[in-house]
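Student: Sharing upload30.txt here; it has compact mmCIF, C-alpha atoms.
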# COMPACT_ATOMS: atom_id res chain seq x y z
CA MET A 1 133.29 -67.71 -2.54
CA ILE A 2 137.05 -67.83 -3.07
CA ASN A 3 137.23 -71.42 -1.79
CA PHE A 4 134.32 -72.42 -4.01
CA PHE A 5 136.09 -71.23 -7.16
CA GLU A 6 139.56 -72.44 -6.15
CA LYS A 7 138.31 -75.99 -5.57
CA ARG A 8 137.03 -75.97 -9.14
CA ASN A 9 140.20 -74.37 -10.57
CA ILE A 10 138.26 -71.30 -11.66
CA GLU A 11 140.34 -68.13 -11.81
CA THR A 12 138.61 -65.22 -10.07
CA GLU A 13 139.15 -61.56 -10.88
CA ILE A 14 137.29 -58.69 -9.22
CA PHE A 15 136.62 -55.26 -10.72
CA VAL A 16 135.29 -52.47 -8.52
CA TYR A 17 134.23 -49.05 -9.79
CA VAL A 18 134.56 -46.27 -7.24
CA ARG A 19 133.47 -42.66 -7.14
CA SER A 20 135.38 -40.09 -5.15
CA PRO A 21 134.12 -39.95 -1.53
CA ALA A 22 132.44 -36.59 -2.20
CA GLU A 23 130.84 -37.82 -5.42
CA TRP A 24 129.77 -41.02 -3.64
CA ARG A 25 128.01 -38.95 -0.96
CA ARG A 26 126.37 -36.78 -3.61
CA SER A 27 125.12 -39.86 -5.46
CA LEU A 28 123.88 -41.46 -2.23
CA PHE A 29 122.11 -38.24 -1.24
CA GLN A 30 120.43 -38.03 -4.64
CA GLN A 31 119.24 -41.63 -4.43
CA GLN A 32 117.71 -40.99 -1.02
CA ILE A 33 115.86 -37.93 -2.32
CA LYS A 34 114.50 -40.06 -5.17
CA VAL A 35 113.01 -42.62 -2.78
CA GLY A 36 111.38 -40.03 -0.54
CA ASN A 37 113.93 -39.45 2.22
CA LYS A 38 113.94 -36.04 3.89
CA ASP A 39 116.75 -36.51 6.42
CA ILE A 40 119.71 -34.88 4.69
CA ASP A 41 122.27 -34.57 7.48
CA GLN A 42 123.13 -38.25 7.81
CA TYR A 43 124.38 -38.43 4.21
CA LEU A 44 126.56 -35.33 4.29
CA LYS A 45 129.13 -36.66 6.75
CA LYS A 46 128.93 -40.35 5.91
CA LYS A 47 132.37 -41.92 5.45
CA SER A 48 133.06 -44.00 2.37
CA GLY A 49 135.35 -46.33 4.33
CA PHE A 50 137.30 -47.36 1.22
CA ARG A 51 140.45 -48.33 3.12
CA LYS A 52 138.56 -50.62 5.49
CA LYS A 53 136.42 -52.17 2.73
CA PHE A 54 139.09 -52.74 0.13
CA SER A 55 142.07 -53.69 2.32
CA ARG A 56 140.35 -56.94 3.21
CA TYR A 57 139.77 -57.91 -0.42
CA LYS A 58 143.29 -56.87 -1.35
CA LYS A 59 144.60 -59.47 1.11
CA LEU A 60 142.16 -62.19 0.06
CA PHE A 61 142.95 -62.10 -3.66
CA ARG A 62 146.37 -62.61 -5.12
CA GLU A 63 148.22 -59.76 -6.81
CA GLY A 64 146.45 -58.38 -9.85
CA ARG A 65 143.15 -60.16 -9.22
CA PHE A 66 141.44 -57.38 -7.28
CA ASN A 67 141.15 -54.22 -9.36
CA ILE A 68 139.71 -50.79 -8.68
CA LYS A 69 138.69 -48.44 -11.47
CA LYS A 70 137.77 -44.80 -11.20
CA PHE A 71 134.09 -44.19 -11.94
CA ASP A 72 134.44 -41.75 -14.81
CA ARG A 73 131.91 -41.96 -17.64
CA ASP A 74 134.05 -39.80 -19.93
CA ASN A 75 136.75 -42.49 -19.92
CA PHE A 76 134.46 -45.53 -20.07
CA THR A 77 134.07 -47.62 -23.19
CA GLY A 78 131.08 -46.06 -24.93
CA LYS A 79 130.81 -43.67 -21.96
CA CYS A 80 128.84 -46.41 -20.18
CA VAL A 81 129.89 -48.34 -17.07
CA VAL A 82 128.13 -51.51 -18.25
CA ALA A 83 129.82 -51.37 -21.65
CA ASP A 84 133.15 -50.71 -19.94
CA PHE A 85 132.78 -53.72 -17.65
CA CYS A 86 131.73 -55.94 -20.54
CA SER A 87 134.86 -54.90 -22.44
CA LEU A 88 137.02 -55.86 -19.45
CA ILE A 89 135.65 -59.40 -19.29
CA ASP A 90 135.19 -59.70 -23.05
CA ILE A 91 131.45 -60.31 -23.25
CA GLN A 92 128.76 -58.70 -25.38
CA LYS A 93 127.05 -55.68 -23.89
CA PRO A 94 123.38 -56.36 -23.02
CA LYS A 95 120.53 -53.98 -23.73
CA ILE A 96 120.82 -51.20 -21.16
CA ILE A 97 118.02 -49.30 -19.47
CA ASN A 98 119.36 -46.34 -17.52
CA SER A 99 117.47 -46.22 -14.22
CA ASN A 100 120.02 -44.09 -12.40
CA GLU A 101 119.62 -40.71 -14.06
CA SER A 102 121.35 -37.77 -12.44
CA LEU A 103 119.21 -34.95 -11.10
CA SER A 104 119.85 -31.24 -11.30
CA PHE A 105 119.92 -29.26 -8.07
CA SER A 106 116.67 -27.55 -9.10
CA ALA A 107 114.95 -30.93 -9.40
CA ILE A 108 116.38 -32.09 -6.08
CA LYS A 109 115.15 -28.95 -4.32
CA LEU A 110 111.58 -29.47 -5.49
CA LEU A 111 111.59 -33.20 -4.76
CA TYR A 112 113.01 -32.45 -1.31
CA ILE A 113 110.21 -30.03 -0.40
CA PHE A 114 107.75 -32.61 -1.71
CA ASN A 115 109.30 -35.26 0.56
CA LYS A 116 109.06 -32.85 3.49
CA SER A 117 105.41 -32.04 2.84
CA ILE A 118 103.99 -35.54 2.50
CA GLU A 119 104.29 -38.83 4.36
CA LEU A 120 105.55 -41.89 2.55
CA THR A 121 102.63 -44.02 1.42
CA LYS A 122 102.66 -47.71 0.62
CA GLY A 123 100.38 -50.32 -0.82
CA ASP A 124 98.58 -48.27 -3.46
CA LYS A 125 99.73 -48.86 -7.02
CA ALA A 126 98.24 -45.59 -8.30
CA ILE A 127 100.17 -43.60 -5.67
CA TYR A 128 103.38 -45.48 -6.42
CA LEU A 129 103.05 -44.80 -10.14
CA ALA A 130 102.09 -41.17 -9.50
CA ARG A 131 105.31 -40.74 -7.51
CA ARG A 132 107.23 -42.08 -10.49
CA ASP A 133 105.35 -39.70 -12.78
CA LEU A 134 106.15 -36.76 -10.51
CA PHE A 135 109.81 -37.69 -10.33
CA ALA A 136 110.08 -38.00 -14.12
CA ALA A 137 108.24 -34.71 -14.70
CA ILE A 138 110.46 -32.75 -12.30
CA ARG A 139 113.63 -34.44 -13.55
CA ASP A 140 112.83 -33.65 -17.18
CA LEU A 141 111.67 -30.10 -16.42
CA PHE A 142 115.05 -29.14 -14.97
CA ALA A 143 117.27 -31.50 -16.97
CA SER A 144 119.36 -28.64 -18.37
CA HIS A 145 120.12 -27.13 -14.94
CA ASP A 146 123.36 -27.66 -13.02
CA LYS A 147 124.00 -30.61 -10.72
CA MET A 148 124.50 -30.11 -7.00
CA ASP A 149 127.83 -28.50 -6.23
CA ILE A 150 130.31 -31.13 -5.10
CA ASN A 151 131.48 -28.82 -2.30
CA TYR A 152 128.31 -29.60 -0.36
CA PHE A 153 129.71 -33.10 0.08
CA LYS A 154 133.38 -32.43 0.80
CA ASN A 155 134.76 -33.93 4.02
CA ASP A 156 138.22 -34.87 5.23
CA ASP A 157 138.67 -37.98 3.10
CA SER A 158 142.46 -37.81 2.94
CA ASP A 159 142.97 -41.30 4.40
CA ASP A 160 140.71 -43.02 1.86
CA LEU A 161 142.03 -40.91 -1.02
CA ASN A 162 145.67 -41.64 -0.14
CA PHE A 163 144.88 -45.34 0.15
CA LEU A 164 143.34 -45.45 -3.34
CA LYS A 165 146.20 -43.43 -4.81
CA ASN A 166 149.05 -45.36 -3.19
CA ILE A 167 147.66 -48.90 -3.48
CA PHE A 168 145.57 -48.77 -6.67
CA SER A 169 146.90 -45.66 -8.47
CA VAL A 170 143.40 -44.17 -8.48
CA GLU A 171 143.24 -40.39 -8.13
CA PHE A 172 140.29 -38.02 -8.09
CA ASN A 173 140.03 -34.39 -9.05
CA ASP A 174 136.46 -33.44 -8.21
CA GLU A 175 135.02 -30.59 -10.20
CA VAL A 176 134.59 -27.38 -8.23
CA TYR A 177 131.66 -25.18 -9.24
CA ASP A 178 131.80 -22.53 -6.54
CA LYS A 179 134.59 -22.24 -3.98
CA ASN A 180 132.25 -20.23 -1.75
CA VAL A 181 129.88 -23.19 -1.31
CA TYR A 182 130.26 -25.22 1.88
CA GLN A 183 128.63 -28.31 3.32
CA GLY A 184 126.83 -26.29 5.97
CA ASP A 185 125.07 -24.26 3.27
CA LEU A 186 123.04 -27.16 1.90
CA GLU A 187 120.25 -27.14 4.47
CA LYS A 188 119.60 -23.47 3.65
CA ASP A 189 120.19 -23.65 -0.11
CA ILE A 190 118.00 -26.70 -0.71
CA LYS A 191 114.98 -24.74 0.56
CA ASN A 192 115.71 -21.70 -1.60
CA ILE A 193 113.44 -21.96 -4.65
CA SER A 194 114.26 -19.29 -7.24
CA LYS A 195 111.74 -17.26 -9.25
CA ASN A 196 112.88 -19.01 -12.40
CA GLU A 197 112.27 -22.42 -10.84
CA ILE A 198 108.81 -21.32 -9.69
CA ASN A 199 107.99 -19.99 -13.16
CA MET A 200 109.05 -23.28 -14.74
CA LEU A 201 106.95 -25.16 -12.19
CA ASN A 202 104.00 -22.91 -13.05
CA ASP A 203 104.42 -23.85 -16.71
CA LEU A 204 104.32 -27.52 -15.73
CA LEU A 205 101.10 -26.94 -13.78
CA ASP A 206 99.63 -25.19 -16.83
CA LYS A 207 100.58 -28.15 -18.99
CA ASN A 208 98.70 -30.42 -16.59
CA GLU A 209 95.67 -28.08 -16.42
CA ILE A 210 96.10 -27.14 -12.76
CA ASN A 211 94.59 -23.73 -11.95
CA LEU A 212 95.07 -21.28 -9.05
CA LYS A 213 98.81 -21.79 -9.29
CA MET A 214 99.67 -18.18 -8.42
CA SER A 215 98.10 -18.47 -4.95
CA LEU A 216 99.90 -21.68 -4.04
CA THR A 217 103.21 -22.13 -2.22
CA PRO A 218 105.88 -24.27 -3.95
CA GLU A 219 104.97 -27.13 -1.58
CA ASN A 220 101.29 -26.84 -2.50
CA LYS A 221 102.11 -26.68 -6.20
CA ILE A 222 104.13 -29.90 -6.01
CA ASN A 223 101.34 -31.59 -4.08
CA ALA A 224 98.73 -30.36 -6.56
CA LEU A 225 100.81 -31.87 -9.34
CA PHE A 226 101.16 -35.13 -7.40
CA ASN A 227 97.40 -35.30 -6.80
CA LYS A 228 96.83 -34.69 -10.51
CA PHE A 229 99.10 -37.61 -11.35
CA ILE A 230 97.25 -39.82 -8.84
CA GLU A 231 93.96 -38.84 -10.47
CA ASN A 232 95.37 -39.64 -13.92
CA ARG A 233 96.59 -43.05 -12.76
CA GLN A 234 93.27 -43.89 -11.13
CA LYS A 235 91.44 -43.00 -14.33
CA ARG A 236 93.75 -45.27 -16.32
CA ASN A 237 93.14 -48.12 -13.90
CA LYS A 238 89.36 -47.74 -14.22
CA SER A 239 89.58 -47.70 -18.00
CA LEU A 240 91.40 -51.05 -17.89
CA ILE A 241 88.70 -52.72 -15.79
Give the structure from this file in structure tokens form.
Tutor:
Amino acid sequence: MINFFEKRNIETEIFVYVRSPAEWRRSLFQQQIKVGNKDIDQYLKKKSGFRKKFSRYKKLFREGRFNIKKFDRDNFTGKCVVADFCSLIDIQKPKIINSNESLSFSAIKLLYIFNKSIELTKGDKAIYLARRDLFAAIRDLFASHDKMDINYFKNDDSDDLNFLKNIFSVEFNDEVYDKNVYQGDLEKDIKNISKNEINMLNDLLDKNEINLKMSLTPENKINALFNKFIENRQKRNKSLI
């Protein structure tokens, strides 16, 4: 790529937005929960590898042409990473559809037990759309609840953090919600559904006209909701035929 642009006398400048290693793991974990993954351990200890990744590019591009920015919405132009990037390269911001919404821990817990209770299914549009409906319903239901504590995702990232600080002047100060929370607690805590969360889930079942909710486990309630969404999608498909 570099040779391609140099032969045409095109100046190349690279901008990379990075989260802290702990925040990166939290974001990766959340994305995997969204797509149906139920194996949580592999994402807790995953290394960001920033030094290895970025050292190579630092050598390839001349001084000042490879830039790293801290991923921090509060300090972005318009509090939006797309708008911030557009301002850096002086182009107009396009219409933005946010498809990477953060999830509260309450939403993640319920989506996790759903992932554990059902096999991934493919090839059926109604099921695919019902999964999206379920995700949106659970996300919106618990939108006001707290995010996952960053301490679940803390590892020894001193090498990567020192590299970013010393070479690119990028420093992170991850928020700390509860100093008594540790990475090893997540497997236990993610299965702990509170009474308040169950009551809110019951209200969602009521809204979708699902009865017998009091006799169901949280797993069964989520599956009942999912089946209701499948039924709704199948009815819509028939009405379009």
Student: For each of A:Asn173, A:Gln30, A:Thr217, A:Gln42, take the minimum atom-to-atom distance to Ala107 (chain A), counting all atoms listed in the file, then give the residue where this is smallest.
Tutor: A:Gln30
Student: So how many Å separate CA of Ala143 (chain A) and CA of Ser104 (chain A), to one decimal?
Tutor: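 CA of Ala143 (chain A) sits 6.2 Å away from CA of Ser104 (chain A).
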Student: Please provide the set of residues having any atom within 8 Å of region 208-216 of chain A, restricted to only C-alpha atoms, with same-chain residues fewer than 6 positions apart removed, written as a JSON list (two decimals) with C-alpha atoms, in the coordinates of the input.
Tutor:
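This went into around.json:
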[["chain", "number", "residue", "atom", "x", "y", "z"],
["A", 202, "ASN", "CA", 104.00, -22.91, -13.05],
["A", 224, "ALA", "CA", 98.73, -30.36, -6.56],
["A", 225, "LEU", "CA", 100.81, -31.87, -9.34],
["A", 228, "LYS", "CA", 96.83, -34.69, -10.51]]
Student: Would you mind reading off the distance between CA of Arg8 (chain A) and CA of Phe61 (chain A), one decimal, in Å?
Tutor: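 Those two atoms sit 16.0 Å apart.
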Student: Quick one: pull the distance between CA of Lys109 (chain A) and CA of Glu197 (chain A), Å, one decimal.
Tutor: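 Distance between the two atoms: 9.7 Å.
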Student: Would you mind listing, for every residue of region 22-83 of chain A within 12 Å of region 180-185 of chain A, the two atoms forming the shortest contact and the distance between them in Å to one decimal, using all atoms listed in the file, sorted by chain and ascending residue number, as JSON lines?
Tutor:
{"residue": "A:Ala22", "atom": "CA", "partner": "A:Gln183", "partner_atom": "CA", "distance": 10.7}
{"residue": "A:Arg25", "atom": "CA", "partner": "A:Gln183", "partner_atom": "CA", "distance": 11.5}
{"residue": "A:Arg26", "atom": "CA", "partner": "A:Gln183", "partner_atom": "CA", "distance": 11.2}
{"residue": "A:Ile40", "atom": "CA", "partner": "A:Gln183", "partner_atom": "CA", "distance": 11.2}
{"residue": "A:Asp41", "atom": "CA", "partner": "A:Gly184", "partner_atom": "CA", "distance": 9.6}
{"residue": "A:Tyr43", "atom": "CA", "partner": "A:Gln183", "partner_atom": "CA", "distance": 11.0}
{"residue": "A:Leu44", "atom": "CA", "partner": "A:Gln183", "partner_atom": "CA", "distance": 7.4}
{"residue": "A:Lys45", "atom": "CA", "partner": "A:Gln183", "partner_atom": "CA", "distance": 9.0}
Student: Using only C-alpha atoms, what table do you get, as JSON lines, when you list each residue of region 55-144 of chain A with an atom no more than 12 Å from region 158-168 of chain A, its nearest pair of atoms, and their distance in Å rounded to one decimal, rows by chain then rising number?
Tutor:
{"residue": "A:Ser55", "atom": "CA", "partner": "A:Phe163", "partner_atom": "CA", "distance": 9.1}
{"residue": "A:Lys58", "atom": "CA", "partner": "A:Ile167", "partner_atom": "CA", "distance": 9.3}
{"residue": "A:Lys59", "atom": "CA", "partner": "A:Ile167", "partner_atom": "CA", "distance": 11.9}
{"residue": "A:Glu63", "atom": "CA", "partner": "A:Phe168", "partner_atom": "CA", "distance": 11.3}
{"residue": "A:Gly64", "atom": "CA", "partner": "A:Phe168", "partner_atom": "CA", "distance": 10.2}
{"residue": "A:Arg65", "atom": "CA", "partner": "A:Phe168", "partner_atom": "CA", "distance": 11.9}
{"residue": "A:Phe66", "atom": "CA", "partner": "A:Phe168", "partner_atom": "CA", "distance": 9.6}
{"residue": "A:Asn67", "atom": "CA", "partner": "A:Phe168", "partner_atom": "CA", "distance": 7.5}
{"residue": "A:Ile68", "atom": "CA", "partner": "A:Phe168", "partner_atom": "CA", "distance": 6.5}
{"residue": "A:Lys69", "atom": "CA", "partner": "A:Phe168", "partner_atom": "CA", "distance": 8.4}
{"residue": "A:Lys70", "atom": "CA", "partner": "A:Leu164", "partner_atom": "CA", "distance": 9.7}
Student: Can you write just those residues out, C-alpha atoms, as a PDB file, keeping the file's coordinate frame?
Tutor:
ATOM      1  CA  SER A  55     142.070 -53.690   2.320  1.00  0.00           C
ATOM      2  CA  LYS A  58     143.290 -56.870  -1.350  1.00  0.00           C
ATOM      3  CA  LYS A  59     144.600 -59.470   1.110  1.00  0.00           C
ATOM      4  CA  GLU A  63     148.220 -59.760  -6.810  1.00  0.00           C
ATOM      5  CA  GLY A  64     146.450 -58.380  -9.850  1.00  0.00           C
ATOM      6  CA  ARG A  65     143.150 -60.160  -9.220  1.00  0.00           C
ATOM      7  CA  PHE A  66     141.440 -57.380  -7.280  1.00  0.00           C
ATOM      8  CA  ASN A  67     141.150 -54.220  -9.360  1.00  0.00           C
ATOM      9  CA  ILE A  68     139.710 -50.790  -8.680  1.00  0.00           C
ATOM     10  CA  LYS A  69     138.690 -48.440 -11.470  1.00  0.00           C
ATOM     11  CA  LYS A  70     137.770 -44.800 -11.200  1.00  0.00           C
TER      12      LYS A  70
END
Student: Taking (117.6, -29.7, 3.9) in the file's own coordinates, collect the residues within 8 Å, counting all atoms listed in the file, and hand them back as an MDAnalysis selection string.
Tutor: chainID A and resid 38:41 112 186:191
Student: For Val35 (chain A), which of A:Glu11, A:Glu23, A:Glu119, A:Asp90 is the closest residue, counting only C-alpha atoms?
Tutor: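 Smallest separation from Val35 (chain A) among the options: A:Glu119.
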Student: A:Ala130, A:Leu111, A:Val82, A:Leu204: which is nearest Arg233 (chain A), counting only C-alpha atoms?
Tutor: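 Of A:Ala130, A:Leu111, A:Val82, A:Leu204, the one nearest Arg233 (chain A), counting only C-alpha atoms, is A:Ala130.
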Student: Have a look at A:Lys154, A:Lys95, A:Phe105, A:Met200 and name the one nearest to Leu141 (chain A); count only C-alpha atoms.
Tutor: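 Residue with the minimum atom-to-atom distance to Leu141 (chain A): A:Met200.
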